[in-house]
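Asks: File entry25.txt below, compact mmCIF, C-alpha atoms:
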```txt
# COMPACT_ATOMS: atom_id res chain seq x y z
CA MET A 1 115.25 137.94 262.82
CA SER A 2 115.90 141.41 264.10
CA GLU A 3 116.23 144.40 261.82
CA HIS A 4 117.06 147.87 263.02
CA GLU A 5 116.85 151.37 261.67
CA ILE A 6 120.17 153.07 262.29
CA THR A 7 121.28 156.67 261.90
CA VAL A 8 125.00 157.26 261.50
CA LYS A 9 126.96 160.40 260.71
CA VAL A 10 129.06 159.19 257.80
CA ASN A 11 131.81 161.53 256.64
CA GLY A 12 129.89 164.47 258.07
CA GLU A 13 126.53 163.54 256.60
CA SER A 14 123.72 161.92 258.53
CA VAL A 15 122.36 158.73 256.90
CA THR A 16 119.52 156.48 258.00
CA ARG A 17 119.17 152.89 256.78
CA ARG A 18 117.59 149.60 257.83
CA VAL A 19 120.07 146.83 258.57
CA GLU A 20 119.91 143.29 259.80
CA SER A 21 121.47 142.88 263.23
CA ARG A 22 124.10 140.59 261.68
CA THR A 23 125.22 143.08 259.00
CA LEU A 24 128.89 143.87 259.56
CA LEU A 25 129.90 147.51 259.48
CA VAL A 26 132.15 146.94 256.48
CA HIS A 27 129.26 145.45 254.47
CA PHE A 28 127.07 148.39 255.48
CA ILE A 29 129.76 150.78 254.25
CA ARG A 30 130.48 149.02 250.97
CA GLU A 31 127.11 147.61 250.00
CA HIS A 32 124.49 149.84 251.59
CA LEU A 33 126.35 153.14 251.28
CA GLU A 34 128.39 152.11 248.21
CA LEU A 35 131.55 153.59 249.68
CA THR A 36 133.94 151.04 248.25
CA GLY A 37 137.17 152.73 249.28
CA THR A 38 137.09 150.63 252.46
CA HIS A 39 138.47 147.23 251.52
CA ILE A 40 137.90 143.70 252.75
CA GLY A 41 141.20 141.87 252.90
CA CYS A 42 141.13 138.87 255.18
CA ASP A 43 137.68 138.78 256.76
CA THR A 44 139.33 137.32 259.87
CA THR A 45 140.24 140.46 261.89
CA SER A 46 143.87 140.07 260.83
CA CYS A 47 144.76 142.53 258.07
CA GLY A 48 143.35 146.00 258.81
CA ALA A 49 142.39 146.76 255.18
CA CYS A 50 138.87 147.59 256.40
CA THR A 51 139.99 150.15 259.01
CA VAL A 52 137.68 153.12 259.49
CA VAL A 53 137.40 155.61 262.33
CA LEU A 54 134.32 154.90 264.43
CA ASN A 55 133.51 157.38 267.20
CA GLY A 56 137.09 158.61 267.07
CA ARG A 57 138.69 155.16 267.33
CA PRO A 58 140.43 153.39 264.44
CA THR A 59 138.42 150.20 264.07
CA LYS A 60 138.42 147.09 261.92
CA SER A 61 134.99 147.47 260.33
CA CYS A 62 134.76 143.71 259.70
CA THR A 63 134.67 143.19 263.47
CA VAL A 64 131.80 145.48 264.47
CA PHE A 65 128.13 145.15 263.60
CA ALA A 66 126.59 148.06 261.68
CA VAL A 67 123.84 148.29 264.29
CA GLN A 68 126.54 149.13 266.86
CA ALA A 69 127.34 152.31 264.91
CA ASP A 70 123.80 153.64 265.47
CA GLN A 71 123.93 157.28 266.62
CA GLY A 72 127.67 157.23 266.06
CA THR A 73 130.19 159.00 263.85
CA LEU A 74 131.99 157.20 261.07
CA GLU A 75 134.90 158.40 258.94
CA THR A 76 135.99 156.43 255.91
CA ILE A 77 138.81 156.99 253.41
CA GLU A 78 136.38 158.96 251.23
CA SER A 79 136.41 161.77 253.81
CA VAL A 80 140.15 162.26 253.83
CA ALA A 81 140.71 164.44 250.76
CA ALA A 82 138.89 167.62 251.72
CA GLY A 83 137.45 169.57 248.79
CA GLY A 84 139.34 167.47 246.26
CA LYS A 85 142.71 168.37 247.81
CA LEU A 86 144.83 165.44 248.93
CA HIS A 87 145.46 165.12 252.67
CA PRO A 88 149.16 165.32 253.64
CA LEU A 89 149.02 161.55 254.26
CA GLN A 90 147.73 160.88 250.76
CA GLU A 91 150.34 163.25 249.40
CA GLY A 92 152.98 161.38 251.44
CA PHE A 93 151.92 158.00 250.06
CA TRP A 94 152.16 159.52 246.56
CA GLU A 95 155.51 161.26 247.06
CA LYS A 96 157.21 158.44 248.97
CA HIS A 97 155.76 155.58 246.94
CA GLY A 98 153.93 154.26 249.99
CA LEU A 99 151.91 151.83 247.92
CA GLN A 100 152.38 149.25 245.24
CA CYS A 101 149.09 147.43 244.65
CA GLY A 102 147.20 149.87 246.89
CA TYR A 103 144.90 147.35 248.50
CA CYS A 104 146.00 148.04 252.08
CA THR A 105 146.30 151.81 251.54
CA PRO A 106 142.85 152.99 252.71
CA GLY A 107 143.26 151.10 255.98
CA MET A 108 146.86 152.28 256.39
CA ILE A 109 145.80 155.90 255.90
CA MET A 110 142.88 155.70 258.36
CA THR A 111 145.14 154.10 260.97
CA ALA A 112 147.92 156.62 260.33
CA LYS A 113 145.48 159.52 260.48
CA SER A 114 144.29 158.64 263.94
CA LEU A 115 147.87 157.85 265.02
CA LEU A 116 148.97 161.37 263.99
CA GLU A 117 145.97 162.87 265.78
CA ARG A 118 147.05 161.16 269.01
CA ARG A 119 150.80 161.60 268.46
CA PRO A 120 151.60 164.46 266.09
CA ARG A 121 155.36 163.78 266.28
CA PRO A 122 155.68 160.00 266.35
CA THR A 123 159.05 158.28 266.41
CA GLU A 124 159.77 155.70 263.74
CA THR A 125 159.15 152.96 266.32
CA GLU A 126 155.80 154.48 267.26
CA ILE A 127 154.81 154.56 263.59
CA ARG A 128 155.85 150.95 263.07
CA GLU A 129 153.99 149.83 266.19
CA GLY A 130 151.02 152.00 265.27
CA ILE A 131 150.54 150.34 261.89
CA SER A 132 151.35 146.83 263.10
CA GLY A 133 147.68 145.86 262.84
CA ASN A 134 147.69 146.72 259.13
CA ILE A 135 149.24 144.21 256.79
CA CYS A 136 150.86 145.13 253.46
CA ARG A 137 151.65 142.08 251.33
CA CYS A 138 153.67 144.00 248.77
CA THR A 139 156.20 144.26 251.65
CA GLY A 140 156.37 148.01 251.38
CA TYR A 141 156.54 149.01 255.05
CA ASN A 142 159.64 151.21 254.75
CA LYS A 143 157.95 153.40 252.20
CA ILE A 144 154.75 153.49 254.23
CA VAL A 145 156.70 154.66 257.27
CA GLU A 146 158.36 157.36 255.16
CA ALA A 147 154.96 158.45 253.85
CA ILE A 148 153.64 158.85 257.39
CA GLN A 149 156.79 160.75 258.45
CA TYR A 150 156.30 163.04 255.44
CA ALA A 151 152.71 163.70 256.51
CA ALA A 152 153.70 164.32 260.13
CA GLU A 153 156.16 166.99 259.01
CA LYS A 154 153.67 168.60 256.63
CA LEU A 155 151.03 168.71 259.34
CA GLN A 156 153.52 170.27 261.78
CA GLU A 157 154.45 172.95 259.24
CA ALA A 158 150.80 173.75 258.72
CA ARG A 159 150.31 174.52 262.43
CA MET B 160 131.63 135.69 255.84
CA ILE B 161 128.31 136.58 257.39
CA PRO B 162 127.23 135.47 260.85
CA ALA B 163 124.01 133.57 261.46
CA GLN B 164 121.00 135.64 262.40
CA PHE B 165 120.41 136.84 265.91
CA ASP B 166 118.33 139.29 267.91
CA TYR B 167 120.20 142.35 269.10
CA HIS B 168 119.68 144.40 272.24
CA ALA B 169 121.66 147.41 273.42
CA PRO B 170 120.75 148.06 277.06
CA LYS B 171 121.78 151.34 278.64
CA SER B 172 122.13 150.03 282.20
CA LEU B 173 123.51 146.97 283.93
CA ASP B 174 120.12 146.10 285.43
CA GLU B 175 118.54 146.19 281.99
CA ALA B 176 121.32 143.94 280.63
CA ILE B 177 120.86 141.42 283.45
CA ALA B 178 117.10 141.38 282.85
CA LEU B 179 117.70 140.72 279.14
CA LEU B 180 120.04 137.80 279.94
CA ALA B 181 117.46 136.36 282.35
CA LYS B 182 114.74 136.57 279.71
CA ASN B 183 116.79 135.07 276.86
CA ALA B 184 118.40 131.71 277.55
CA GLY B 185 121.35 131.27 275.20
CA ALA B 186 122.04 134.97 274.97
CA LYS B 187 125.66 136.10 274.76
CA VAL B 188 127.16 139.31 276.07
CA LEU B 189 128.84 141.43 273.38
CA ALA B 190 131.62 143.65 274.75
CA GLY B 191 134.60 144.51 272.51
CA GLY B 192 133.55 141.71 270.18
CA GLN B 193 137.09 141.08 268.98
CA SER B 194 136.85 137.35 269.76
CA LEU B 195 133.08 136.85 269.60
CA ILE B 196 132.45 138.48 266.22
CA PRO B 197 135.20 136.51 264.42
CA ALA B 198 133.81 133.33 266.02
CA MET B 199 130.33 134.28 264.78
CA ARG B 200 131.61 134.92 261.26
CA PHE B 201 133.09 131.43 261.21
CA ARG B 202 129.83 130.22 262.78
CA LEU B 203 131.80 128.68 265.59
CA ALA B 204 129.40 130.69 267.73
CA THR B 205 125.74 131.10 266.78
CA PRO B 206 124.04 132.87 269.69
CA GLU B 207 120.36 133.59 269.13
CA VAL B 208 120.52 136.79 271.11
CA LEU B 209 123.29 139.33 271.66
CA VAL B 210 123.20 141.72 274.59
CA ASP B 211 125.55 144.55 273.62
CA ILE B 212 126.94 146.18 276.76
CA ASN B 213 128.97 148.86 274.93
CA GLY B 214 126.37 151.48 275.85
CA ILE B 215 126.79 150.88 279.60
CA GLN B 216 129.32 153.60 280.34
CA GLN B 217 129.35 152.85 284.07
CA LEU B 218 131.50 149.80 283.22
CA GLU B 219 134.38 151.89 281.80
CA TYR B 220 136.85 152.93 284.51
CA ILE B 221 140.28 152.32 286.01
CA ARG B 222 140.76 153.41 289.62
CA GLU B 223 142.62 152.39 292.74
CA GLN B 224 140.51 151.77 295.84
CA ASN B 225 140.54 149.57 298.97
CA GLY B 226 143.94 148.10 298.18
CA TYR B 227 143.27 147.08 294.62
CA LEU B 228 143.06 148.41 291.08
CA ALA B 229 139.44 148.24 289.93
CA ILE B 230 139.07 147.80 286.19
CA GLY B 231 135.56 148.13 284.78
CA ALA B 232 134.73 145.23 282.50
CA LEU B 233 134.34 147.50 279.49
CA THR B 234 137.78 149.11 279.84
CA ARG B 235 139.60 148.85 276.50
CA GLU B 236 143.16 147.60 276.23
CA THR B 237 144.10 151.01 274.80
CA GLU B 238 142.93 152.69 278.03
CA LEU B 239 145.27 150.45 280.04
CA GLU B 240 148.14 151.24 277.66
CA GLU B 241 147.55 154.97 278.10
CA SER B 242 146.88 154.97 281.85
CA GLY B 243 149.56 156.73 283.91
CA LEU B 244 148.45 154.79 286.98
CA VAL B 245 148.95 151.44 285.23
CA ALA B 246 152.32 152.55 283.82
CA GLU B 247 153.54 153.64 287.23
CA ARG B 248 152.28 150.83 289.49
CA TYR B 249 151.23 147.82 287.42
CA PRO B 250 154.06 146.96 284.99
CA LEU B 251 152.83 143.39 284.52
CA LEU B 252 149.44 144.71 283.42
CA LEU B 253 151.02 147.29 281.09
CA ASP B 254 153.28 144.63 279.53
CA THR B 255 150.20 142.53 278.88
CA ALA B 256 147.94 145.23 277.46
CA ARG B 257 150.69 146.20 275.00
CA VAL B 258 150.89 142.78 273.39
CA VAL B 259 147.24 141.77 273.13
CA ALA B 260 146.47 141.15 269.44
CA ASP B 261 147.31 144.35 267.50
CA PRO B 262 146.79 148.10 268.10
CA LEU B 263 143.52 148.23 266.13
CA VAL B 264 142.01 145.30 267.99
CA ARG B 265 143.13 146.88 271.28
CA GLN B 266 141.04 149.97 270.52
CA ARG B 267 137.91 147.88 271.06
CA ALA B 268 139.00 144.74 272.94
CA THR B 269 138.13 144.75 276.64
CA VAL B 270 139.86 143.28 279.67
CA GLY B 271 136.58 141.77 280.86
CA GLY B 272 136.00 140.05 277.55
CA ASN B 273 139.57 138.76 277.39
CA LEU B 274 138.97 136.98 280.72
CA ALA B 275 135.34 135.92 280.23
CA HIS B 276 136.21 134.29 276.90
CA ALA B 277 138.42 131.95 278.97
CA ASP B 278 140.68 131.20 276.05
CA PRO B 279 144.03 129.84 277.31
CA ALA B 280 145.60 131.61 274.31
CA ASN B 281 144.44 135.01 275.57
CA ASP B 282 146.95 137.10 277.50
CA HIS B 283 145.08 138.44 280.53
CA PRO B 284 144.23 135.05 282.09
CA ALA B 285 147.90 134.31 282.86
CA THR B 286 148.45 137.86 284.06
CA MET B 287 145.45 137.83 286.38
CA LEU B 288 146.51 134.42 287.71
CA ALA B 289 149.93 135.91 288.50
CA TYR B 290 148.34 138.90 290.21
CA GLY B 291 145.92 136.72 292.19
CA ALA B 292 143.14 138.96 290.89
CA GLN B 293 139.43 138.77 291.61
CA VAL B 294 136.51 138.95 289.22
CA VAL B 295 133.20 140.58 290.14
CA ALA B 296 130.03 139.11 288.65
CA ARG B 297 126.50 140.52 288.76
CA GLY B 298 123.37 138.53 288.07
CA PRO B 299 119.72 138.28 289.07
CA LYS B 300 120.74 137.15 292.56
CA GLY B 301 123.09 140.08 293.09
CA GLU B 302 126.84 140.49 293.12
CA ARG B 303 129.57 137.99 293.97
CA VAL B 304 133.35 137.99 293.89
CA ILE B 305 135.20 135.07 292.29
CA GLY B 306 138.88 134.41 292.93
CA ILE B 307 140.81 134.07 289.68
CA ASP B 308 142.04 130.60 290.69
CA ASP B 309 138.41 129.43 290.57
CA PHE B 310 137.41 131.35 287.46
CA PHE B 311 138.72 129.26 284.57
CA THR B 312 136.88 125.95 284.57
CA GLY B 313 137.70 124.58 281.11
CA LEU B 314 138.52 125.46 277.52
CA PHE B 315 136.38 128.58 276.82
CA GLU B 316 134.54 127.88 280.07
CA ASN B 317 134.37 130.07 283.15
CA ALA B 318 132.66 130.14 286.53
CA LEU B 319 130.01 132.69 285.52
CA ASP B 320 126.38 131.55 285.62
CA ALA B 321 124.42 131.96 282.39
CA GLY B 322 122.63 135.03 283.72
CA GLU B 323 125.72 136.76 285.11
CA ILE B 324 127.83 139.55 283.67
CA LEU B 325 131.47 140.10 284.55
CA THR B 326 131.47 143.70 285.77
CA GLU B 327 134.89 144.34 287.28
CA VAL B 328 138.39 142.93 287.61
CA ARG B 329 140.29 143.61 290.84
CA VAL B 330 144.07 143.58 290.76
CA PRO B 331 145.76 143.70 294.19
CA SER B 332 147.83 146.87 294.58
CA PRO B 333 151.57 146.20 294.60
CA LYS B 334 153.18 145.61 297.96
CA PRO B 335 156.59 147.12 298.82
CA ASN B 336 159.54 145.53 297.01
CA SER B 337 157.34 143.81 294.47
CA GLY B 338 157.61 143.64 290.69
CA GLY B 339 156.00 141.95 287.75
CA ALA B 340 156.52 141.22 284.07
CA TYR B 341 154.81 139.60 281.11
CA ILE B 342 156.91 138.24 278.29
CA LYS B 343 155.24 136.86 275.20
CA LEU B 344 156.86 134.91 272.41
CA GLU B 345 154.81 135.46 269.27
CA ARG B 346 155.51 134.73 265.64
CA LYS B 347 154.17 138.11 264.57
CA VAL B 348 151.99 140.93 265.85
CA GLY B 349 148.39 139.81 266.10
CA ASP B 350 149.15 136.14 266.57
CA TYR B 351 148.42 134.24 269.74
CA ALA B 352 151.38 133.47 271.96
CA THR B 353 153.59 130.52 271.15
CA THR B 354 154.14 130.74 274.88
CA ALA B 355 154.03 133.59 277.37
CA VAL B 356 154.78 133.92 281.05
CA ALA B 357 153.32 136.34 283.61
CA VAL B 358 155.21 136.82 286.88
CA GLN B 359 154.38 138.84 289.98
CA LEU B 360 156.78 138.56 292.89
CA GLN B 361 157.71 140.18 296.19
CA LEU B 362 161.20 140.31 297.66
CA ASP B 363 162.40 140.24 301.23
CA GLY B 364 165.93 141.49 300.76
CA ASP B 365 167.27 139.15 298.11
CA VAL B 366 164.92 136.35 299.02
CA CYS B 367 161.72 135.68 297.10
CA ALA B 368 158.97 136.14 299.70
CA ALA B 369 156.06 135.52 297.36
CA ILE B 370 155.63 134.70 293.68
CA ARG B 371 152.82 133.75 291.34
CA ILE B 372 153.39 132.67 287.76
CA GLY B 373 150.79 132.31 285.00
CA LEU B 374 151.32 130.64 281.62
CA THR B 375 149.64 131.48 278.31
CA ASN B 376 148.64 129.03 275.57
CA VAL B 377 150.50 125.97 276.84
CA SER B 378 147.55 124.19 278.46
CA PRO B 379 143.84 123.57 277.75
CA THR B 380 142.88 125.98 280.54
CA PRO B 381 144.86 128.98 281.75
CA MET B 382 147.31 127.63 284.33
CA ARG B 383 149.69 128.61 287.11
CA ALA B 384 153.18 127.18 287.20
CA SER B 385 152.65 125.99 290.79
CA ALA B 386 155.72 123.78 291.10
CA ALA B 387 157.92 126.59 289.78
CA GLU B 388 156.37 128.99 292.30
CA SER B 389 156.92 126.66 295.26
CA SER B 390 160.52 126.04 294.22
CA LEU B 391 161.32 129.76 294.45
CA ILE B 392 159.51 130.85 297.60
CA GLY B 393 161.95 131.47 300.46
CA LYS B 394 164.95 131.24 298.13
CA ARG B 395 167.31 133.69 296.49
CA LEU B 396 166.51 134.30 292.83
CA SER B 397 169.90 133.01 291.72
CA ALA B 398 170.47 131.97 288.13
CA GLU B 399 170.42 128.34 289.26
CA ASN B 400 167.16 128.57 291.18
CA VAL B 401 165.43 130.48 288.39
CA ALA B 402 166.66 127.99 285.79
CA GLU B 403 165.26 125.15 287.90
CA ALA B 404 161.88 126.93 288.10
CA GLY B 405 161.90 127.15 284.30
CA ARG B 406 162.52 123.41 284.04
CA LEU B 407 159.65 122.69 286.46
CA ALA B 408 157.24 124.85 284.46
CA ALA B 409 158.36 123.23 281.19
CA ALA B 410 157.57 119.82 282.67
CA ALA B 411 154.23 120.86 284.18
CA CYS B 412 152.67 122.65 281.20
CA GLU B 413 150.63 120.77 278.62
CA PRO B 414 151.21 122.35 275.21
CA SER B 415 149.97 120.75 272.01
CA SER B 416 151.90 120.68 268.75
CA ASP B 417 150.53 123.03 266.13
CA LEU B 418 151.64 125.61 263.54
CA ARG B 419 153.43 127.54 266.27
CA GLY B 420 155.71 124.64 267.09
CA SER B 421 156.00 121.15 268.45
CA GLU B 422 155.15 120.21 272.01
CA ALA B 423 158.84 119.82 272.84
CA TYR B 424 159.71 123.23 271.37
CA LYS B 425 156.93 124.93 273.33
CA ARG B 426 158.08 123.34 276.58
CA ASP B 427 161.60 124.51 275.92
CA VAL B 428 160.68 128.10 275.07
CA THR B 429 158.40 128.19 278.12
CA ARG B 430 161.46 127.28 280.20
CA VAL B 431 163.47 130.13 278.66
CA VAL B 432 160.70 132.75 278.72
CA LEU B 433 159.92 131.95 282.36
CA LYS B 434 163.53 132.59 283.29
CA ARG B 435 163.53 135.94 281.47
CA ALA B 436 160.19 136.99 282.98
CA VAL B 437 161.35 136.20 286.54
CA GLU B 438 164.58 138.13 285.93
CA LEU B 439 162.69 141.16 284.60
CA ALA B 440 160.18 141.06 287.48
CA TYR B 441 163.12 140.82 289.90
CA SER B 442 164.91 143.83 288.40
CA ARG B 443 161.68 145.82 288.58
CA ALA B 444 161.18 144.81 292.23
CA LYS B 445 164.71 146.12 292.81
CA GLY B 446 163.58 149.45 291.41
CA ALA B 447 164.83 149.33 287.85
CA LYS B 448 162.61 151.29 285.46
CA SER B 449 160.91 149.28 282.76
```
Show the structure stored in the file as structure tokens.
Replies:
Amino acid sequence: MSEHEITVKVNGESVTRRVESRTLLVHFIREHLELTGTHIGCDTTSCGACTVVLNGRPTKSCTVFAVQADQGTLETIESVAAGGKLHPLQEGFWEKHGLQCGYCTPGMIMTAKSLLERRPRPTETEIREGISGNICRCTGYNKIVEAIQYAAEKLQEAR
Amino acid sequence: MIPAQFDYHAPKSLDEAIALLAKNAGAKVLAGGQSLIPAMRFRLATPEVLVDINGIQQLEYIREQNGYLAIGALTRETELEESGLVAERYPLLLDTARVVADPLVRQRATVGGNLAHADPANDHPATMLAYGAQVVARGPKGERVIGIDDFFTGLFENALDAGEILTEVRVPSPKPNSGGAYIKLERKVGDYATTAVAVQLQLDGDVCAAIRIGLTNVSPTPMRASAAESSLIGKRLSAENVAEAGRLAAAACEPSSDLRGSEAYKRDVTRVVLKRAVELAYSRAKGAKS
């Protein structure tokens, strides 16, 4: 049935591709663009592993069609380390051991990044609520919260 | 999981969207997509045509006018959570927006979609029943206003005609000495309610002058706890009277046993949550800050 040509600004670069209307954004990202840092965890809108930032909003990319991103702006985990230098969030996850298996990490970081953009000085409760749509099954939430607090401080110092 | 194939349209105006619905029988409206897209991935829904209304910016607004809060159908839950107006004057609505699904879903999920989906497990149906809200629908024959009590007609079924789009939700502005609350019992963030109770009430001194109560996920269609309401009107909200209202709601609801608990358990927690929701609404009507 319907196919569409879409143009999306992906991590700062404009890309144009043909997609079926039913292609999910996450499949477009992983299979068409081969950006495999965005993970598929549950495929049921539950886990948040596929979180990207679409038009400034953190979004579960398994629950949007790629065609809906046409003329939009998309940021994936691949955009976070600028010029090969780790983002304070990535540094925080490293320093505070914010990951064990790492599967949820890209989604956690994209959610945390937009949380810190909206609330540069979040309380612990705000962090915990903010990441409550992202599931970690290594049960490492304490360390993830510490990683985000680390990043918030680093980002404040840099201002 | 990949949805079945469909034709996709992204109209830029409401008129264009209505024309597309008229031309394509069996078309579905795509708003936030946070219920529809999962249903399509499971192939529980296989619409042949999707009319994506996300490009119709005229449907995104929250404003007070003519004695009610007008919420454009495309308003995201996040916008409600961040609205100063909602925080100040509509505590029941704020309570509700904060507990819909999870924060990522709320970035896209819309109030209009939450109602139009007519899922008794969704949160806004009970809340809008408690508010006595109205729903505005536009179709080829023009615009009409549907009272919320007439909106939910069955499981996943609503009073909209096939060619109509829900364009606005109207929440009556709070009267003096009124208060509201939504309390949801959920196993974890992102789950549907085990039970939840929405209350909006108005006091005359210490007497309950008016009250409406909506229940979430304890009946096949979103329901009001009518017997509980009647039992409280004209009475003081004493512990005894409120407890009796809880018992009436527990008897009137129709929960089914599932992973979230047995029928008996759900009736009992509905009784308890109703009591807490009435007490919180009462304290807010008395001027306590949430």
Asks: Need to verify the contact set: Ala147 (chain A), 7 Å, all atoms listed in the file, exclusion of same-chain residues closer than 4 positions in sequence. Can you return it as an MDAnalysis selection string?
Replies: chainID A and resid 89 92:93 96 98 143 151
Asks: Measuring between all atoms listed in the file, which one of A:Cys136, A:Leu33, A:Val64, A:Cys50 shows the shortest distance to Gly191 (chain B)?
Replies: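 Once distances to Gly191 (chain B) are computed over all atoms listed in the file, the minimum belongs to A:Val64.
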Asks: Which one is closest to Ser132 (chain A): A:Ser114, A:Ser46, A:Thr63, A:Thr7? Count all atoms listed in the file.
Replies: A:Ser46
Asks: Mind pulling up the distance from CA of Arg383 (chain B) to CA of Val304 (chain B)?
Replies: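 Between CA of Val304 (chain B) and CA of Arg383 (chain B) the gap works out to 20.0 Å.
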Asks: Using all atoms listed in the file, list the residues that have an atom at most 10 Å from (138.9, 142.1, 278.1), coordinates as in the file, as an MDAnalysis selection string.
Replies: chainID B and resid 190:194 230:236 256 259 265 267:276 281:284 328
Asks: Please determine the contact residues of chain A with respect to chain B at a cut-off of 10 Å, counting only C-alpha atoms, and supply them as an MDAnalysis selection string.
Replies: chainID A and resid 1:4 20:24 27 43:48 51 57:60 62:65 67:68 111 129:134
Asks: Residues as selected, C-alpha atoms, written as an mmCIF file, in the coordinates of the input, can you do that?
Replies:
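Below you can see part.cif, which holds the result:
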```
data_model
loop_
_atom_site.group_PDB
_atom_site.id
_atom_site.type_symbol
_atom_site.label_atom_id
_atom_site.label_comp_id
_atom_site.auth_asym_id
_atom_site.auth_seq_id
_atom_site.Cartn_x
_atom_site.Cartn_y
_atom_site.Cartn_z
ATOM 1 C CA MET A 1 115.250 137.940 262.820
ATOM 2 C CA SER A 2 115.900 141.410 264.100
ATOM 3 C CA GLU A 3 116.230 144.400 261.820
ATOM 4 C CA HIS A 4 117.060 147.870 263.020
ATOM 5 C CA GLU A 20 119.910 143.290 259.800
ATOM 6 C CA SER A 21 121.470 142.880 263.230
ATOM 7 C CA ARG A 22 124.100 140.590 261.680
ATOM 8 C CA THR A 23 125.220 143.080 259.000
ATOM 9 C CA LEU A 24 128.890 143.870 259.560
ATOM 10 C CA HIS A 27 129.260 145.450 254.470
ATOM 11 C CA ASP A 43 137.680 138.780 256.760
ATOM 12 C CA THR A 44 139.330 137.320 259.870
ATOM 13 C CA THR A 45 140.240 140.460 261.890
ATOM 14 C CA SER A 46 143.870 140.070 260.830
ATOM 15 C CA CYS A 47 144.760 142.530 258.070
ATOM 16 C CA GLY A 48 143.350 146.000 258.810
ATOM 17 C CA THR A 51 139.990 150.150 259.010
ATOM 18 C CA ARG A 57 138.690 155.160 267.330
ATOM 19 C CA PRO A 58 140.430 153.390 264.440
ATOM 20 C CA THR A 59 138.420 150.200 264.070
ATOM 21 C CA LYS A 60 138.420 147.090 261.920
ATOM 22 C CA CYS A 62 134.760 143.710 259.700
ATOM 23 C CA THR A 63 134.670 143.190 263.470
ATOM 24 C CA VAL A 64 131.800 145.480 264.470
ATOM 25 C CA PHE A 65 128.130 145.150 263.600
ATOM 26 C CA VAL A 67 123.840 148.290 264.290
ATOM 27 C CA GLN A 68 126.540 149.130 266.860
ATOM 28 C CA THR A 111 145.140 154.100 260.970
ATOM 29 C CA GLU A 129 153.990 149.830 266.190
ATOM 30 C CA GLY A 130 151.020 152.000 265.270
ATOM 31 C CA ILE A 131 150.540 150.340 261.890
ATOM 32 C CA SER A 132 151.350 146.830 263.100
ATOM 33 C CA GLY A 133 147.680 145.860 262.840
ATOM 34 C CA ASN A 134 147.690 146.720 259.130
#
```
Asks: Identify which of the residues B:Val428, B:Ala369, B:Ala186, B:Ala178 lies closest to Arg406 (chain B), counting all atoms listed in the file when measuring atom-to-atom distances.
Replies: B:Val428
Asks: Find the spatial neighbours of Arg297 (chain B), counting all atoms listed in the file, within a cut-off of 7 Å - ignore same-chain residues fewer than 6 positions away - and output them as a list in words.
Replies: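 Surrounding residues, per the criterion: Arg303, Glu323, Ile324, Leu325 and Thr326 of chain B.
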Asks: Report, in Å with one decimal, the straight-line distance from CA of Arg257 (chain B) to CA of Gly243 (chain B).
Replies: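 CA of Gly243 (chain B) lies 13.8 Å from CA of Arg257 (chain B).
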Asks: Please indicate the distance in Å from CA of Asp308 (chain B) to CA of Glu399 (chain B), rounded to one decimal place.
Replies: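 Separation between CA of Asp308 (chain B) and CA of Glu399 (chain B): 28.5 Å.
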Asks: Could you work out an axis-aligned bounding box for all listed atoms of region 344-347 of chain B, with 6 Å added on each of the six sides, and give its centre and edge lengths in Å to one decimal, as JSON?
Replies:
```
{"center_x": 155.5, "center_y": 136.4, "center_z": 268.5, "size_x": 14.7, "size_y": 15.4, "size_z": 19.8}
```
Asks: Ranking B:Ile372, B:Leu244, B:Cys412, B:Leu251 by minimum distance to Ala444 (chain B) and counting all atoms listed in the file, which one comes first?
Replies: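 Looking at the shortest contact to Ala444 (chain B), the residue is B:Leu251.
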Asks: Excluding Ser14 (chain A) and any residue of its chain fewer than 3 positions from it, enumerate the residues within 12 Å of it, using all atoms listed in the file, and give them as a PyMOL selection string.
Replies: chain A and resi 6-11+17+33+70-75
Asks: Pick out the closest residue to Met108 (chain A) from this set: A:Val15, A:Leu35, A:Ile127, A:Leu25. Count only C-alpha atoms.
Replies: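 Among the listed residues, the smallest separation from Met108 (chain A) belongs to A:Ile127.
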Asks: A:Ile148, A:Ala69, A:Ala158, A:Val19: which is nearest Leu54 (chain A), counting all atoms listed in the file?
Replies: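 Closest to Leu54 (chain A) of all the choices is A:Ala69.
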Asks: Which residues of region 11-41 of chain A come within 10 Å of region 101-104 of chain A, and what is each one's closest atom pair and distance in Å (one decimal), counting only C-alpha atoms, sorted by chain and residue number, as JSON lines?
Replies:
```
{"residue": "A:Gly37", "atom": "CA", "partner": "A:Tyr103", "partner_atom": "CA", "distance": 9.5}
{"residue": "A:Thr38", "atom": "CA", "partner": "A:Cys104", "partner_atom": "CA", "distance": 9.3}
{"residue": "A:His39", "atom": "CA", "partner": "A:Tyr103", "partner_atom": "CA", "distance": 7.1}
{"residue": "A:Ile40", "atom": "CA", "partner": "A:Tyr103", "partner_atom": "CA", "distance": 9.0}
{"residue": "A:Gly41", "atom": "CA", "partner": "A:Cys104", "partner_atom": "CA", "distance": 7.9}
```
Asks: Saving region 369-378 of chain B with C-alpha atoms, as an mmCIF file, in the first residue's frame, what would that file be?
Replies:
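Generated file (result.cif):
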```cif
data_model
loop_
_atom_site.group_PDB
_atom_site.id
_atom_site.type_symbol
_atom_site.label_atom_id
_atom_site.label_comp_id
_atom_site.auth_asym_id
_atom_site.auth_seq_id
_atom_site.Cartn_x
_atom_site.Cartn_y
_atom_site.Cartn_z
ATOM 1 C CA ALA B 369 -22.917 18.304 44.765
ATOM 2 C CA ILE B 370 -20.647 15.382 43.944
ATOM 3 C CA ARG B 371 -19.793 13.268 40.924
ATOM 4 C CA ILE B 372 -17.631 10.177 41.113
ATOM 5 C CA GLY B 373 -16.056 8.261 38.221
ATOM 6 C CA LEU B 374 -14.420 4.826 38.432
ATOM 7 C CA THR B 375 -11.552 3.475 36.322
ATOM 8 C CA ASN B 376 -11.096 -0.113 35.130
ATOM 9 C CA VAL B 377 -13.737 -1.772 37.297
ATOM 10 C CA SER B 378 -16.476 -2.052 34.659
#
```
